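Asker: Here it is, the structure in full.
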Amino acid sequence: MNKNKLIDALYESIGEACVTESDVAHIEIHSNKVLGLHLVPGFEVEAEELSDGIRATVTVRKHQKIEKPVRICFGLLEETGIQKIYMNIRLEDYSRVAILSSCTFPNAVDVLHAMDAEIEIGKGAEYIYLERHVHGREGGVTVIPKAKVVLGEEARFRTDFELIKGRVGKIDIDYDAECNSHSILDMAARISGSGDDHIKIHEKANLKGEGAHGVLRTNIAVREEARAEIKNTLIASAPFARGHVDCKEIVQDRAIATAIPIVEVHHPKAHVTHEASIGSVDSKQLETLMSRGLSEDDATHLIIEGLLSPNRQNP
Amino acid sequence: MTTGVILETRDILLYLGEKRILDNLSLEFWPGHVHAVVGPNGAGKSTLADTIMGLSGYTKFEGDILFEGKSLKGLPIDERARKGITLAWQEPARYEGLTVESFINAGAKEKSREASSRALDLVGLNPDEYLERAVDRTLSGGERKRIELASILTMEPKLVMMDEPDSGIDVEALEKIFDAIQFLKKKGTTVLLITHSATVLEKADHAFLICCGQLVKKGPVDKIMQYFGEKCIPCDHKNEPDPEQINE
């Protein structure tokens with residue numbers, strides 16, 4: 001398959017059209033090949049093809065605010081293979097970028113997708129990273145995303161990981177963020193597991209700077225034989241650091257879910273809260289929808305769909 | 001307004017644990033009317049609504065509940081709803097991530113943005129401001145109550161039970177709820193208000209006064225209000241009705 005056909009196939013697998021706008025930066029990567037790379041001023045990418053993946057350095061230059069979200073499409077259309085992505089992302093001071101990333105493995109039977117990212121967000125910079133996975137029905141994919149994030153003074157970082165289409169397979173997320181003074185972190189993951197899927201998440205944030213704010217949010221639904229192990233660690237070690245850990249897991253059938261929220265406060269003027277709810281669908285939510293005429297299955301489906309929907313930024 | 005009986009409870013006897021909550025309670029509700037069930041806290045008013053709706057924990061009782069002449073016994077909540085019965089909770093549920101539009105459309109007869117917008121307008125909420133919001137903790141209890149009522153309006157039920165419609169509601173919002181009650185009545189819907197508030201009670205056409213799960217008095221609202229004010233409010237034996245007053 002030639003490059004253009006592969007790009008078409010990647011986008012088709014996520015139900016979207018290829019990006020054609022000249023003012024939108026986009027990158028398409030299949031297996032260990034960079035198929036497409038279109039940049040806009042201020043957004044720089046250097047990519048190197050490795051035997052089993054890609055090494056890329058992304059830089060957003062000082063004061064550059066990338067107006068339109070950058071699109072990245074990673075994928076592997078074959079049934080088997082390995083794709084390792086090593087990313088070094090650097091937002092210089094007062095820059096801004098939003099990246100919408102899609103990872104697609106629609107035919108995976110035995111695929112490994114590993115991401116190892118080092119992210120540095122400069123003073124007053126803002127980075128939004130939304131990652132959406134589309135998997136096939138077989139569950140034959142192992143996803144291992146790792147990220148080490150450093151937020152500079154007054155930096156902002158929002159990330160949202162979504163895996164609700166297709167089977168999870170195995171996923172092992174390990175994110176670690178260090179938040180300097182007055183920075184704001186919002187880290188979320190939304191995953192739906194079924195069959196014998198195995199979901200493992202460890203999100204950690206250290207609010208080490210004065211006035212740093214951090215939220216770790218995990219919304220999971222598991223059914224059949226799926227398992228979910230969620231560990232959220234939030235450490236506040238500076239005055240006026242504020243943090244919150246929120247983990248919600250809906251469990252159906254024979255699925256098993258665990259949640260371990262760890263909150264540590266190392267300063268008397270810091271404050272961290274946590275909230276976890278694990279179990280069946282809330283009976284009041286269920287009965288309210290049933291009292292509108294929805295069957296129990298339809299009501300459950302709607303509640304889970306809401307739980308797994310992107311965070312709505314209510315005012 | 002049509003004649004006859006749309007809903008009838010026949011000698012309902014319901015225990016929660018060891019406690020008798022509804023005590024041989026027999027009531028008849030006429031179609032197209034706004035009825036109120038009034039009584040002190042703990043009288044069994046909400047339990048009556050929960051039992052009629054068939055909520056979990058309220059399905060085992062003696063006696064019967066007839067809707068349009070047919071027993072509801074053994075029917076799950078959704079089947080009762082599909083017959084045209086619904087309930088507005090005293091404290092509506094919150095749904096993380098579920099939009100107001102999806103929530104309203106869930107049980108709507110006409111599932112469309114136009115229909116959900118009209119319903120929000122009727123309860124005094126701006127659709128542009130609310131349709132995309134989540135029905136979650138960022139909404140006040142009063143906002144969720146009005147959104148719940150909007151979902152009921154689009155469902156077009158035959159019977160709506162509203163449990164304490166004024167709780168957690170400011171004056172302006174309460175007026176919108178009263179407007180919606182009148183709208184339902186005009187459409188021929190039977191409304192059952194569960195309340196201990198005189199302000200809510202006066203919106204009804206007819207009322208039942210219950211105490212300790214027993215019917216104490218029934219009749220026009222003004223008479224029930226007078227009786228409730230004179231006999232129940234000063235009563236020092238809460239939820240222990242004077243046997244001489246029962247079914248007076």
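Each chain of the structure tokens is named A, B, ... in the order shown, its residues numbered from 1; ligands are numbered from 1 in display order.
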Do me a favour and pick out the residues of chain A within 7 Å of chain B, using only C-alpha atoms, as a PyMOL selection string.
Answerer: chain A and resi 284-285+287+290-295+303+306-307+309+311-312+314
Asker: With only C-alpha atoms as the counted atoms, please give the residues lying no more than 8 Å from A:Ala147, apart from itself and same-chain residues fewer than 5 positions off, as a PyMOL selection string.
Answerer: chain A and resi 115-119+174-176
Asker: Do a neighbour search on B:Ile210 at 6 Å with only C-alpha atoms, toss out local chain neighbours closer than 5 positions, and write the hits as a list in words.
Answerer: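 In the requested form, the answer reads Gly39, Leu215 and Val216 of chain B.
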Asker: Any chance you could export the current selection's N, CA and C atoms as a tab-separated table (two decimals), in the first residue's frame?
Answerer:
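Printed below is again26.tsv as written:
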chain	number	residue	atom	x	y	z
B	39	GLY	N	-49.01	15.71	54.79
B	39	GLY	CA	-48.88	15.10	56.11
B	39	GLY	C	-47.55	15.50	56.71
B	215	LEU	N	-54.89	7.19	56.24
B	215	LEU	CA	-55.64	8.33	55.72
B	215	LEU	C	-56.40	8.97	56.88
B	216	VAL	N	-56.14	10.26	57.09
B	216	VAL	CA	-56.83	10.99	58.16
B	216	VAL	C	-58.04	11.73	57.60
Asker: Counting only C-alpha atoms, what is within 10 Å of A:Ile201, bar same-chain residues fewer than 6 positions away, as a PDB file with N, CA and C atoms, in the first residue's frame?
Answerer:
ATOM      1  N   ILE A 144       1.335   0.476  26.233  1.00  0.00           N
ATOM      2  CA  ILE A 144       2.110   0.871  27.420  1.00  0.00           C
ATOM      3  C   ILE A 144       2.536   2.335  27.274  1.00  0.00           C
ATOM      4  N   PRO A 145       1.691   3.260  27.672  1.00  0.00           N
ATOM      5  CA  PRO A 145       2.078   4.667  27.590  1.00  0.00           C
ATOM      6  C   PRO A 145       2.751   5.131  28.893  1.00  0.00           C
ATOM      7  N   ILE A 171      -3.571  -2.672  28.928  1.00  0.00           N
ATOM      8  CA  ILE A 171      -3.047  -1.304  28.941  1.00  0.00           C
ATOM      9  C   ILE A 171      -2.385  -1.048  30.291  1.00  0.00           C
ATOM     10  N   ASP A 172      -1.265  -0.386  30.232  1.00  0.00           N
ATOM     11  CA  ASP A 172      -0.514  -0.098  31.452  1.00  0.00           C
ATOM     12  C   ASP A 172      -0.016   1.346  31.361  1.00  0.00           C
ATOM     13  N   ILE A 173      -0.803   2.253  31.907  1.00  0.00           N
ATOM     14  CA  ILE A 173      -0.469   3.685  31.828  1.00  0.00           C
ATOM     15  C   ILE A 173       0.373   4.085  33.035  1.00  0.00           C
ATOM     16  N   ASP A 174       1.412   4.815  32.785  1.00  0.00           N
ATOM     17  CA  ASP A 174       2.261   5.284  33.882  1.00  0.00           C
ATOM     18  C   ASP A 174       2.635   6.748  33.597  1.00  0.00           C
ATOM     19  N   TYR A 175       1.937   7.655  34.219  1.00  0.00           N
ATOM     20  CA  TYR A 175       2.194   9.084  34.023  1.00  0.00           C
ATOM     21  C   TYR A 175       2.717   9.665  35.341  1.00  0.00           C
ATOM     22  N   ALA A 189      -8.318   9.944  32.551  1.00  0.00           N
ATOM     23  CA  ALA A 189      -8.348   8.744  31.708  1.00  0.00           C
ATOM     24  C   ALA A 189      -9.757   8.173  31.746  1.00  0.00           C
ATOM     25  N   THR A 218     -10.044   9.508  36.977  1.00  0.00           N
ATOM     26  CA  THR A 218     -10.086   8.238  36.258  1.00  0.00           C
ATOM     27  C   THR A 218     -11.523   7.734  36.249  1.00  0.00           C
ATOM     28  N   ALA A 228      -9.521  -4.035  36.366  1.00  0.00           N
ATOM     29  CA  ALA A 228      -8.950  -2.681  36.361  1.00  0.00           C
ATOM     30  C   ALA A 228      -8.243  -2.446  37.692  1.00  0.00           C
ATOM     31  N   GLU A 229      -7.031  -1.965  37.586  1.00  0.00           N
ATOM     32  CA  GLU A 229      -6.264  -1.628  38.805  1.00  0.00           C
ATOM     33  C   GLU A 229      -5.819  -0.182  38.658  1.00  0.00           C
ATOM     34  N   ILE A 230      -6.372   0.673  39.493  1.00  0.00           N
ATOM     35  CA  ILE A 230      -6.089   2.102  39.371  1.00  0.00           C
ATOM     36  C   ILE A 230      -5.355   2.590  40.613  1.00  0.00           C
ATOM     37  N   LYS A 231      -4.245   3.238  40.374  1.00  0.00           N
ATOM     38  CA  LYS A 231      -3.496   3.819  41.492  1.00  0.00           C
ATOM     39  C   LYS A 231      -3.234   5.288  41.154  1.00  0.00           C
ATOM     40  N   ASN A 232      -3.731   6.166  41.977  1.00  0.00           N
ATOM     41  CA  ASN A 232      -3.514   7.605  41.778  1.00  0.00           C
ATOM     42  C   ASN A 232      -2.733   8.137  42.976  1.00  0.00           C
ATOM     43  N   ALA A 259      -9.100   0.309  43.350  1.00  0.00           N
ATOM     44  CA  ALA A 259      -8.633   1.697  43.293  1.00  0.00           C
ATOM     45  C   ALA A 259      -7.784   1.962  44.523  1.00  0.00           C
TER      46      ALA A 259
END
Asker: Could you check the closest approach to A:Val45 for each of A:His198, A:His63, A:His271, A:Arg90 and tell me which residue wins, using only C-alpha atoms?
Answerer: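 Looking only at the distances to A:Val45, the closest residue turns out to be A:Arg90.
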